[in-house]
Amino acid sequence: MSTAADGGFEDPSAEVLAEAAAAFGLLATPARLHIVWALSQGESDVTGLADRVGGTLPSVSQHLTKLKLAGLVRSRREGRRQVYLVDDPDVVTVVRLMVGQLTERAGHMPVRSMRLRELGA
């Protein structure tokens with residue numbers, strides 16, 4: 001690991017950067033981000049999530065499968081229902097911080113939001 005000249009922080013390993021990029025990649029779709037946002041506020045089944053995020057049952061189920069394989073969400077059986085919940089509280093912190101900041105800025109800086117979308121960020 002190398003040390004940054006400006007703050008003394010060590011650079012993360014290539015493995016850590018790859019893992020972070022993969023997690024951000026999974027959250028790079030509005031649907032998955034919305035699902036994690038919804039689950040950060042409480043557990044839900046696929047039907048409840050589909051209603052909340054405005055997706056179809058098959059598409060929400062596919063998103064949940066990917067999030068589950070990545071370890072970001074988990075599920076448990078409750079009778080005949082499969083209930084989903086966030087499995088990584090740190091991801092919730094990041095999602096809440098980012099969405100909260102962008103929501104706060106939305107009223108003040110709409111041009112910045114447009115630029116972020118145009119840049120594909």
# chains A, B, ... in the order shown; residues from 1 in each chain; ligands from 1
$ select_by_dssp --residues "stretch 6-101 of chain A" --states "strand (DSSP E)" --output "ChimeraX atom specification"
/A:44-45,73-78,81-86
$ write_last_selection --atoms "N, CA and C atoms" --output "PDB file, in the first residue's frame"
ATOM      1  N   SER A  44     -39.223  -6.453   3.702  1.00  0.00           N
ATOM      2  CA  SER A  44     -40.383  -6.527   2.813  1.00  0.00           C
ATOM      3  C   SER A  44     -40.297  -7.783   1.966  1.00  0.00           C
ATOM      4  N   ASP A  45     -41.441  -8.202   1.444  1.00  0.00           N
ATOM      5  CA  ASP A  45     -41.438  -9.289   0.471  1.00  0.00           C
ATOM      6  C   ASP A  45     -41.381  -8.691  -0.929  1.00  0.00           C
ATOM      7  N   VAL A  73     -28.137  -7.851   0.523  1.00  0.00           N
ATOM      8  CA  VAL A  73     -29.414  -8.166   1.169  1.00  0.00           C
ATOM      9  C   VAL A  73     -29.448  -9.658   1.477  1.00  0.00           C
ATOM     10  N   ARG A  74     -30.344 -10.029   2.362  1.00  0.00           N
ATOM     11  CA  ARG A  74     -30.556 -11.446   2.653  1.00  0.00           C
ATOM     12  C   ARG A  74     -32.052 -11.670   2.779  1.00  0.00           C
ATOM     13  N   SER A  75     -32.425 -12.923   2.851  1.00  0.00           N
ATOM     14  CA  SER A  75     -33.843 -13.235   2.954  1.00  0.00           C
ATOM     15  C   SER A  75     -34.062 -14.278   4.030  1.00  0.00           C
ATOM     16  N   ARG A  76     -35.289 -14.328   4.480  1.00  0.00           N
ATOM     17  CA  ARG A  76     -35.695 -15.366   5.421  1.00  0.00           C
ATOM     18  C   ARG A  76     -37.124 -15.745   5.087  1.00  0.00           C
ATOM     19  N   ARG A  77     -37.448 -16.958   5.413  1.00  0.00           N
ATOM     20  CA  ARG A  77     -38.778 -17.479   5.134  1.00  0.00           C
ATOM     21  C   ARG A  77     -39.699 -17.086   6.280  1.00  0.00           C
ATOM     22  N   GLU A  78     -40.859 -16.596   5.916  1.00  0.00           N
ATOM     23  CA  GLU A  78     -41.901 -16.253   6.888  1.00  0.00           C
ATOM     24  C   GLU A  78     -43.197 -16.876   6.379  1.00  0.00           C
ATOM     25  N   ARG A  81     -44.048 -16.785   2.546  1.00  0.00           N
ATOM     26  CA  ARG A  81     -43.390 -15.614   1.952  1.00  0.00           C
ATOM     27  C   ARG A  81     -41.886 -15.632   2.179  1.00  0.00           C
ATOM     28  N   GLN A  82     -41.178 -15.066   1.241  1.00  0.00           N
ATOM     29  CA  GLN A  82     -39.750 -14.815   1.377  1.00  0.00           C
ATOM     30  C   GLN A  82     -39.623 -13.328   1.711  1.00  0.00           C
ATOM     31  N   VAL A  83     -39.048 -13.018   2.869  1.00  0.00           N
ATOM     32  CA  VAL A  83     -38.917 -11.636   3.315  1.00  0.00           C
ATOM     33  C   VAL A  83     -37.462 -11.212   3.155  1.00  0.00           C
ATOM     34  N   TYR A  84     -37.249 -10.023   2.590  1.00  0.00           N
ATOM     35  CA  TYR A  84     -35.904  -9.518   2.321  1.00  0.00           C
ATOM     36  C   TYR A  84     -35.568  -8.395   3.285  1.00  0.00           C
ATOM     37  N   LEU A  85     -34.273  -8.329   3.644  1.00  0.00           N
ATOM     38  CA  LEU A  85     -33.781  -7.263   4.496  1.00  0.00           C
ATOM     39  C   LEU A  85     -32.340  -6.967   4.132  1.00  0.00           C
ATOM     40  N   VAL A  86     -31.873  -5.791   4.510  1.00  0.00           N
ATOM     41  CA  VAL A  86     -30.503  -5.402   4.214  1.00  0.00           C
ATOM     42  C   VAL A  86     -29.556  -6.245   5.057  1.00  0.00           C
TER      43      VAL A  86
END
$ select_by_dssp --residues "chain A" --states "alpha helix (DSSP H)" --output "JSON, numbers by chain"
{"A": [14, 15, 16, 17, 18, 19, 20, 21, 22, 23, 24, 25, 26, 30, 31, 32, 33, 34, 35, 36, 37, 38, 39, 40, 46, 47, 48, 49, 50, 51, 52, 53, 57, 58, 59, 60, 61, 62, 63, 64, 65, 66, 67, 68, 69, 89, 90, 91, 92, 93, 94, 95, 96, 97, 98, 99, 100, 101, 102, 103, 104, 105, 106, 110, 111, 112, 113, 114, 115, 116, 117, 118, 119]}
$ atom_distance --atom1 "atom CA of A:Pro89" --atom2 "atom CA of A:Ile35"
14.2 Å
$ closest_residue --among "A:Leu17, A:Lys66, A:Gly71, A:Arg32" --to "A:Ala50" --atoms "only C-alpha atoms"
A:Arg32
$ residues_around --residues "A:Ala23" --least-positions-apart "6" --cutoff "12 Å" --atoms "only C-alpha atoms" --output "list in words"
Val16, Leu17, Thr29, Arg32, Leu33, Val36, Lys66, Leu67, Lys68, Leu69, Ala70, Gly71, Leu72, Val73, Asp88, Asp90, Val91, Val92, Val94 and Val95 of chain A
$ atom_distance --atom1 "atom CA of A:Ser13" --atom2 "atom CA of A:Met98"
23.8 Å
$ atom_distance --atom1 "atom CA of A:Gly8" --atom2 "atom CA of A:Leu102"
29.2 Å
$ closest_residue --among "A:Ala14, A:Leu57, A:Ala22, A:Leu97" --to "A:Trp37" --atoms "only C-alpha atoms"
A:Leu97
